[in-house]
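Data block for query_33.txt (compact mmCIF, C-alpha atoms):
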# COMPACT_ATOMS: atom_id res chain seq x y z
CA MET A 544 -20.13 37.53 -6.90
CA ALA A 545 -19.48 33.88 -6.25
CA GLU A 546 -17.12 33.89 -9.26
CA ALA A 547 -14.00 32.95 -7.39
CA LYS A 548 -10.80 32.84 -9.34
CA ARG A 549 -10.38 29.26 -10.51
CA ILE A 550 -6.89 27.96 -10.11
CA GLU A 551 -5.97 24.64 -11.67
CA ARG A 552 -4.89 22.67 -8.66
CA PRO A 553 -3.27 19.27 -9.02
CA LEU A 554 -5.47 16.38 -7.96
CA SER A 555 -4.16 13.33 -6.13
CA PRO A 556 -2.52 10.93 -7.08
CA PHE A 557 -0.51 13.25 -9.33
CA MET A 558 2.68 12.61 -7.36
CA PHE A 559 2.86 8.92 -8.17
CA VAL A 560 4.99 7.59 -11.02
CA LYS A 561 6.13 11.01 -12.24
CA TYR A 562 7.54 12.58 -9.08
CA TYR A 563 7.45 9.85 -6.50
CA ARG A 564 8.77 6.31 -6.60
CA LEU A 565 6.23 3.92 -5.14
CA GLN A 566 7.36 2.43 -1.86
CA LEU A 567 6.12 -0.46 0.20
CA THR A 568 4.69 1.82 2.88
CA ALA A 569 2.77 3.86 0.28
CA VAL A 570 1.41 0.84 -1.58
CA THR A 571 0.31 -0.91 1.61
CA SER A 572 -1.41 2.32 2.68
CA VAL A 573 -3.25 2.75 -0.64
CA MET A 574 -4.40 -0.86 -0.37
CA ILE A 575 -6.19 -0.01 2.89
CA ARG A 576 -8.26 2.51 0.97
CA ILE A 577 -8.94 0.14 -1.91
CA THR A 578 -9.94 -2.77 0.33
CA GLY A 579 -12.09 -0.54 2.55
CA ASN A 580 -14.07 0.89 -0.32
CA ALA A 581 -14.28 -2.41 -2.20
CA LEU A 582 -16.10 -3.84 0.82
CA MET A 583 -19.15 -1.93 -0.48
CA VAL A 584 -19.86 -4.94 -2.70
CA ALA A 585 -19.77 -7.42 0.19
CA THR A 586 -21.93 -5.08 2.30
CA LEU A 587 -24.51 -5.00 -0.47
CA LEU A 588 -24.52 -8.81 -0.63
CA VAL A 589 -24.76 -9.21 3.17
CA VAL A 590 -27.68 -6.76 3.39
CA TRP A 591 -29.37 -8.50 0.46
CA TRP A 592 -28.92 -11.80 2.30
CA LEU A 593 -30.49 -10.31 5.45
CA LEU A 594 -33.44 -8.84 3.52
CA ALA A 595 -33.98 -12.16 1.77
CA LEU A 596 -33.85 -14.01 5.09
CA ALA A 597 -36.52 -11.64 6.40
CA ALA A 598 -38.64 -12.00 3.24
CA GLY A 599 -38.96 -15.79 3.36
CA PRO A 600 -37.59 -19.11 2.04
CA GLU A 601 -38.04 -18.34 -1.66
CA ALA A 602 -36.21 -15.01 -1.64
CA PHE A 603 -33.58 -16.54 0.63
CA GLU A 604 -33.00 -19.40 -1.78
CA THR A 605 -32.30 -16.95 -4.62
CA ALA A 606 -29.99 -14.74 -2.56
CA GLU A 607 -28.03 -17.63 -1.11
CA TRP A 608 -27.70 -19.27 -4.52
CA TRP A 609 -26.05 -16.11 -5.88
CA ILE A 610 -23.91 -15.41 -2.83
CA THR A 611 -22.59 -18.97 -2.59
CA SER A 612 -22.24 -19.36 -6.36
CA TRP A 613 -18.85 -19.43 -8.09
CA VAL A 614 -18.82 -15.64 -8.55
CA GLY A 615 -20.38 -15.03 -5.15
CA ASN A 616 -17.76 -17.15 -3.42
CA LEU A 617 -15.00 -15.29 -5.21
CA VAL A 618 -16.44 -11.96 -4.00
CA MET A 619 -17.07 -13.20 -0.45
CA PHE A 620 -13.68 -14.86 0.07
CA GLY A 621 -11.98 -11.90 -1.62
CA SER A 622 -13.87 -9.63 0.78
CA LEU A 623 -12.84 -11.78 3.72
CA TRP A 624 -9.22 -11.12 2.78
CA ALA A 625 -10.04 -7.43 2.17
CA VAL A 626 -11.60 -7.13 5.62
CA TRP A 627 -8.54 -8.66 7.29
CA TYR A 628 -6.16 -6.51 5.27
CA HIS A 629 -8.14 -3.37 6.14
CA TYR A 630 -8.21 -4.54 9.76
CA LEU A 631 -4.44 -4.97 10.04
CA GLY A 632 -3.81 -1.80 8.03
CA GLY A 633 -6.09 0.07 10.43
CA LEU A 634 -4.19 -1.30 13.42
CA ARG A 635 -0.97 -0.17 11.77
CA HIS A 636 -2.39 3.34 11.46
CA LEU A 637 -3.39 3.30 15.12
CA VAL A 638 0.26 2.51 15.93
CA PHE A 639 1.43 5.31 13.63
CA ASP A 640 -1.10 7.73 15.16
CA ALA A 641 0.36 6.99 18.57
CA GLY A 642 3.68 8.22 17.15
CA LYS A 643 5.22 4.75 17.21
CA GLY A 644 6.65 2.48 14.53
CA LEU A 645 7.56 5.36 12.23
CA GLU A 646 11.20 4.35 11.76
CA LEU A 647 11.62 3.19 8.16
CA GLU A 648 12.61 -0.35 9.05
CA THR A 649 9.75 -0.83 11.50
CA ALA A 650 7.23 0.81 9.14
CA GLU A 651 8.21 -1.56 6.33
CA LYS A 652 8.01 -4.55 8.64
CA LEU A 653 4.50 -3.48 9.65
CA GLY A 654 3.63 -3.18 5.93
CA TRP A 655 4.73 -6.76 5.24
CA GLY A 656 2.91 -7.76 8.39
CA CYS A 657 -0.34 -6.50 6.83
CA VAL A 658 0.30 -8.38 3.58
CA TYR A 659 1.24 -11.74 5.10
CA GLY A 660 -0.93 -11.35 8.19
CA SER A 661 -4.08 -10.77 6.12
CA VAL A 662 -3.49 -14.00 4.18
CA VAL A 663 -2.84 -15.97 7.37
CA LEU A 664 -5.96 -14.59 9.06
CA THR A 665 -8.08 -15.32 5.96
CA VAL A 666 -6.94 -18.94 5.89
CA LEU A 667 -7.47 -19.21 9.65
CA THR A 668 -11.02 -17.84 9.35
CA VAL A 669 -11.86 -20.28 6.55
CA ILE A 670 -10.55 -23.15 8.70
CA ILE A 671 -12.78 -22.00 11.57
CA TYR A 672 -15.76 -21.98 9.18
CA TRP A 673 -15.10 -25.58 8.22
CA ILE A 674 -14.67 -27.05 11.70
CA MET B 1344 6.82 22.65 29.24
CA ARG B 1345 4.32 22.90 26.40
CA TYR B 1346 0.84 23.89 27.39
CA LEU B 1347 -0.82 23.02 24.06
CA THR B 1348 -1.62 19.38 23.38
CA ASP B 1349 -1.05 17.83 19.92
CA ARG B 1350 -4.81 17.68 19.48
CA LYS B 1351 -5.28 21.34 20.36
CA ARG B 1352 -2.69 22.37 17.78
CA ALA B 1353 -4.50 20.38 15.06
CA VAL B 1354 -8.07 21.54 15.77
CA GLY B 1355 -9.44 23.97 13.19
CA LYS B 1356 -6.57 23.51 10.73
CA GLY B 1357 -7.00 22.51 7.09
CA SER B 1358 -9.54 23.75 4.58
CA ALA B 1359 -12.49 21.95 6.17
CA HIS B 1360 -11.52 22.94 9.75
CA ALA B 1361 -13.09 19.67 10.89
CA GLY B 1362 -10.24 17.27 10.15
CA ALA B 1363 -9.25 16.64 13.77
CA GLU B 1364 -12.79 15.58 14.70
CA HIS B 1365 -13.08 13.47 11.52
CA HIS B 1366 -9.80 11.72 12.26
CA TRP B 1367 -10.72 11.08 15.88
CA PHE B 1368 -14.03 9.57 14.79
CA MET B 1369 -12.18 7.15 12.51
CA ILE B 1370 -10.00 6.08 15.45
CA VAL B 1371 -12.98 5.59 17.76
CA SER B 1372 -15.02 3.63 15.21
CA SER B 1373 -12.04 1.54 14.11
CA VAL B 1374 -11.32 0.41 17.66
CA ALA B 1375 -14.99 -0.51 18.11
CA LEU B 1376 -14.93 -2.47 14.84
CA ALA B 1377 -11.64 -4.13 15.77
CA PHE B 1378 -13.40 -5.73 18.75
CA MET B 1379 -16.65 -6.61 16.99
CA LEU B 1380 -15.56 -7.74 13.56
CA PRO B 1381 -13.68 -10.98 14.31
CA VAL B 1382 -16.66 -12.27 16.30
CA TRP B 1383 -19.14 -11.15 13.66
CA LEU B 1384 -17.12 -12.80 10.86
CA ILE B 1385 -17.46 -16.15 12.63
CA VAL B 1386 -21.15 -15.70 13.48
CA PHE B 1387 -22.15 -14.53 9.99
CA GLY B 1388 -19.83 -16.88 8.10
CA ARG B 1389 -21.29 -19.88 9.90
CA ALA B 1390 -24.88 -18.71 9.23
CA LEU B 1391 -24.14 -18.16 5.54
CA GLY B 1392 -24.77 -21.34 3.59
CA SER B 1393 -26.32 -23.15 6.56
CA GLY B 1394 -29.80 -23.17 5.01
CA TYR B 1395 -32.92 -21.11 5.66
CA ASP B 1396 -34.00 -22.59 9.00
CA ALA B 1397 -30.55 -22.56 10.56
CA ALA B 1398 -29.83 -19.02 9.32
CA LEU B 1399 -33.19 -17.80 10.64
CA ALA B 1400 -32.56 -19.46 14.00
CA THR B 1401 -29.12 -17.81 14.28
CA MET B 1402 -30.15 -14.33 13.23
CA SER B 1403 -33.23 -14.25 15.49
CA ARG B 1404 -31.09 -14.78 18.61
CA PRO B 1405 -30.27 -11.51 20.44
CA PHE B 1406 -26.46 -11.71 20.28
CA PRO B 1407 -26.07 -12.29 16.51
CA ALA B 1408 -28.84 -9.80 15.71
CA ILE B 1409 -27.49 -7.00 17.92
CA LEU B 1410 -23.89 -7.66 16.82
CA THR B 1411 -24.89 -7.56 13.15
CA ALA B 1412 -26.76 -4.29 13.70
CA LEU B 1413 -23.76 -2.76 15.48
CA VAL B 1414 -21.26 -3.88 12.83
CA LEU B 1415 -23.54 -2.52 10.12
CA ILE B 1416 -24.15 0.87 11.76
CA VAL B 1417 -20.60 1.55 12.99
CA GLY B 1418 -19.12 0.00 9.83
CA MET B 1419 -21.22 2.10 7.48
CA VAL B 1420 -20.61 5.41 9.26
CA HIS B 1421 -16.88 4.52 9.30
CA PHE B 1422 -17.21 3.77 5.57
CA GLN B 1423 -19.04 7.05 4.84
CA LYS B 1424 -16.28 9.12 6.43
CA GLY B 1425 -13.51 7.08 4.83
CA ALA B 1426 -15.09 7.16 1.38
CA GLN B 1427 -15.58 10.92 1.72
CA THR B 1428 -11.86 11.36 2.40
CA MET B 1429 -11.08 9.27 -0.69
CA LEU B 1430 -13.45 11.31 -2.87
CA GLU B 1431 -12.03 14.58 -1.57
CA ASP B 1432 -8.59 13.35 -2.60
CA TYR B 1433 -9.37 12.17 -6.12
CA VAL B 1434 -12.42 14.10 -7.36
CA GLY B 1435 -13.11 17.82 -7.54
CA GLY B 1436 -15.97 20.27 -8.08
CA THR B 1437 -19.55 19.18 -8.64
CA PRO B 1438 -18.74 15.47 -9.24
CA ARG B 1439 -17.11 15.41 -5.80
CA LYS B 1440 -20.24 16.80 -4.14
CA LEU B 1441 -22.54 14.41 -5.98
CA LEU B 1442 -20.33 11.40 -5.22
CA VAL B 1443 -20.05 12.31 -1.53
CA MET B 1444 -23.85 12.48 -1.42
CA ALA B 1445 -24.18 9.16 -3.27
CA PHE B 1446 -21.69 7.33 -1.03
CA ASN B 1447 -23.33 8.71 2.10
CA ALA B 1448 -26.73 7.67 0.75
CA PHE B 1449 -25.38 4.16 0.15
CA GLY B 1450 -24.23 3.94 3.76
CA TYR B 1451 -27.56 5.08 5.20
CA LEU B 1452 -29.47 2.81 2.80
CA MET B 1453 -27.47 -0.22 3.96
CA ILE B 1454 -28.11 0.68 7.61
CA ALA B 1455 -31.85 1.17 7.08
CA CYS B 1456 -32.31 -2.01 5.01
CA GLY B 1457 -30.20 -4.09 7.38
CA ILE B 1458 -32.01 -2.89 10.50
CA PHE B 1459 -35.39 -3.44 8.82
CA ALA B 1460 -34.42 -7.00 7.95
CA LEU B 1461 -33.00 -7.72 11.42
CA VAL B 1462 -36.11 -6.37 13.15
CA LYS B 1463 -38.35 -8.46 10.88
CA ILE B 1464 -36.26 -11.58 11.50
CA ALA B 1465 -35.83 -11.20 15.26
CA LEU B 1466 -39.31 -10.01 16.25

Mind converting the file's structure to structure tokens?
Amino acid sequence: MAEAKRIERPLSPFMFVKYYRLQLTAVTSVMIRITGNALMVATLLVVWWLLALAAGPEAFETAEWWITSWVGNLVMFGSLWAVWYHYLGGLRHLVFDAGKGLELETAEKLGWGCVYGSVVLTVLTVIIYWI
Amino acid sequence: MRYLTDRKRAVGKGSAHAGAEHHWFMIVSSVALAFMLPVWLIVFGRALGSGYDAALATMSRPFPAILTALVLIVGMVHFQKGAQTMLEDYVGGTPRKLLVMAFNAFGYLMIACGIFALVKIAL
């Protein structure tokens, strides 16, 4: 009875490459998704850090050693950029949702704004950490 | 004059019939996160690598503890809904269902572990 007729439907992102030339607005939008979901790794590390802090000095030592290690730093600073990119990309979508900034020229400017802005904000945040 | 609002025309459309609510939730949570995240990044980033005693002192104060809890809860529910949209786009059938469950479980697990840790640290 539940045997519904199965139709082979195309699954995203089937449009890319073959039917659709990648554009700045599309790439910058996909990057929001990638950065947002990649932040799972940083979340895991932050929660581990919190649990270790609650568990005591020994567990904390281990967690902090990993998180501030060469690999850990790469993940954390990469995630810092990812968070800022996702942040600016999200703001861009709020502007789009309000029905503004949808003209091609403005939309592309907002896309570049996310790319450059995220780098600037990352550097700015690191500077704030150091002072 | 149009009597129907944009929202009203979108409600109930699409295969899930819940897209309008889902989308509105993402807007609400993103605005909340937009206010909280910059502050949290500074608070957490300064605590990270400051040593056990300093980190403990920071995270047991009300403001950092409550802010961290809020960022974690709102952030993870925002993540769950966003990840679900991604999975619905790229995966189909049973793998989709299992992955949606797994990603949602991850979000709840992070919230529960984080809150447990914060309570233990702060109290």

Proximal residues of chain A relative to chain B (all atoms listed in the file; 7 Å) as a PDB file with C-alpha atoms, in the coordinates of the input:
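Once everything was written out, this is part-v6.pdb:
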ATOM      1  CA  LEU A 554      -5.470  16.380  -7.960  1.00  0.00           C
ATOM      2  CA  SER A 555      -4.160  13.330  -6.130  1.00  0.00           C
ATOM      3  CA  ASN A 580     -14.070   0.890  -0.320  1.00  0.00           C
ATOM      4  CA  VAL A 590     -27.680  -6.760   3.390  1.00  0.00           C
ATOM      5  CA  LEU A 593     -30.490 -10.310   5.450  1.00  0.00           C
ATOM      6  CA  LEU A 594     -33.440  -8.840   3.520  1.00  0.00           C
ATOM      7  CA  LEU A 596     -33.850 -14.010   5.090  1.00  0.00           C
ATOM      8  CA  ALA A 597     -36.520 -11.640   6.400  1.00  0.00           C
ATOM      9  CA  PRO A 600     -37.590 -19.110   2.040  1.00  0.00           C
ATOM     10  CA  PHE A 603     -33.580 -16.540   0.630  1.00  0.00           C
ATOM     11  CA  GLU A 607     -28.030 -17.630  -1.110  1.00  0.00           C
ATOM     12  CA  THR A 611     -22.590 -18.970  -2.590  1.00  0.00           C
ATOM     13  CA  TYR A 630      -8.210  -4.540   9.760  1.00  0.00           C
ATOM     14  CA  TYR A 672     -15.760 -21.980   9.180  1.00  0.00           C
TER      15      TYR A 672
END

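The two atoms in question, CA of Ser572 in chain A and CA of Leu653 in chain A, are spaced 10.8 Å apart.
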
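You will find CA of Gly633 in chain A at 27.7 Å from CA of Val614 in chain A.
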
Atom pair CA of Glu651 in chain A + CA of Thr568 in chain A, distance 6.0 Å

Taking every listed atom of range 1422-1439 of chain B and adding 6 Å to each side, what centre and edge lengths in Å (one decimal) does the axis-aligned box have, as AutoDock Vina command-line options?
--center_x -14.1 --center_y 12.0 --center_z -1.4 --size_x 23.0 --size_y 28.5 --size_z 27.7

Show me, as a ChimeraX atom specification, the residues that have an atom within 8 Å of Thr571 in chain A when counting all atoms listed in the file, minus same-chain residues fewer than 3 positions from it.
/A:567-568,574-575,632,654,657-658

Could you turn the residues from that selection into a file that holds C-alpha atoms, as a CSV table (one decimal), in the coordinates of the input?
chain,number,residue,atom,x,y,z
A,567,LEU,CA,6.1,-0.5,0.2
A,568,THR,CA,4.7,1.8,2.9
A,574,MET,CA,-4.4,-0.9,-0.4
A,575,ILE,CA,-6.2,0.0,2.9
A,632,GLY,CA,-3.8,-1.8,8.0
A,654,GLY,CA,3.6,-3.2,5.9
A,657,CYS,CA,-0.3,-6.5,6.8
A,658,VAL,CA,0.3,-8.4,3.6

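Proximity ranking of A:Ile670, A:Val626, A:Ala606, A:Leu645 relative to Leu582 in chain A places A:Val626 first, based on only C-alpha atoms.
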
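Counting only C-alpha atoms, the residue from B:Arg1345, B:Arg1404, B:Arg1439, B:Lys1424 that sits nearest to Glu1364 in chain B is B:Lys1424.
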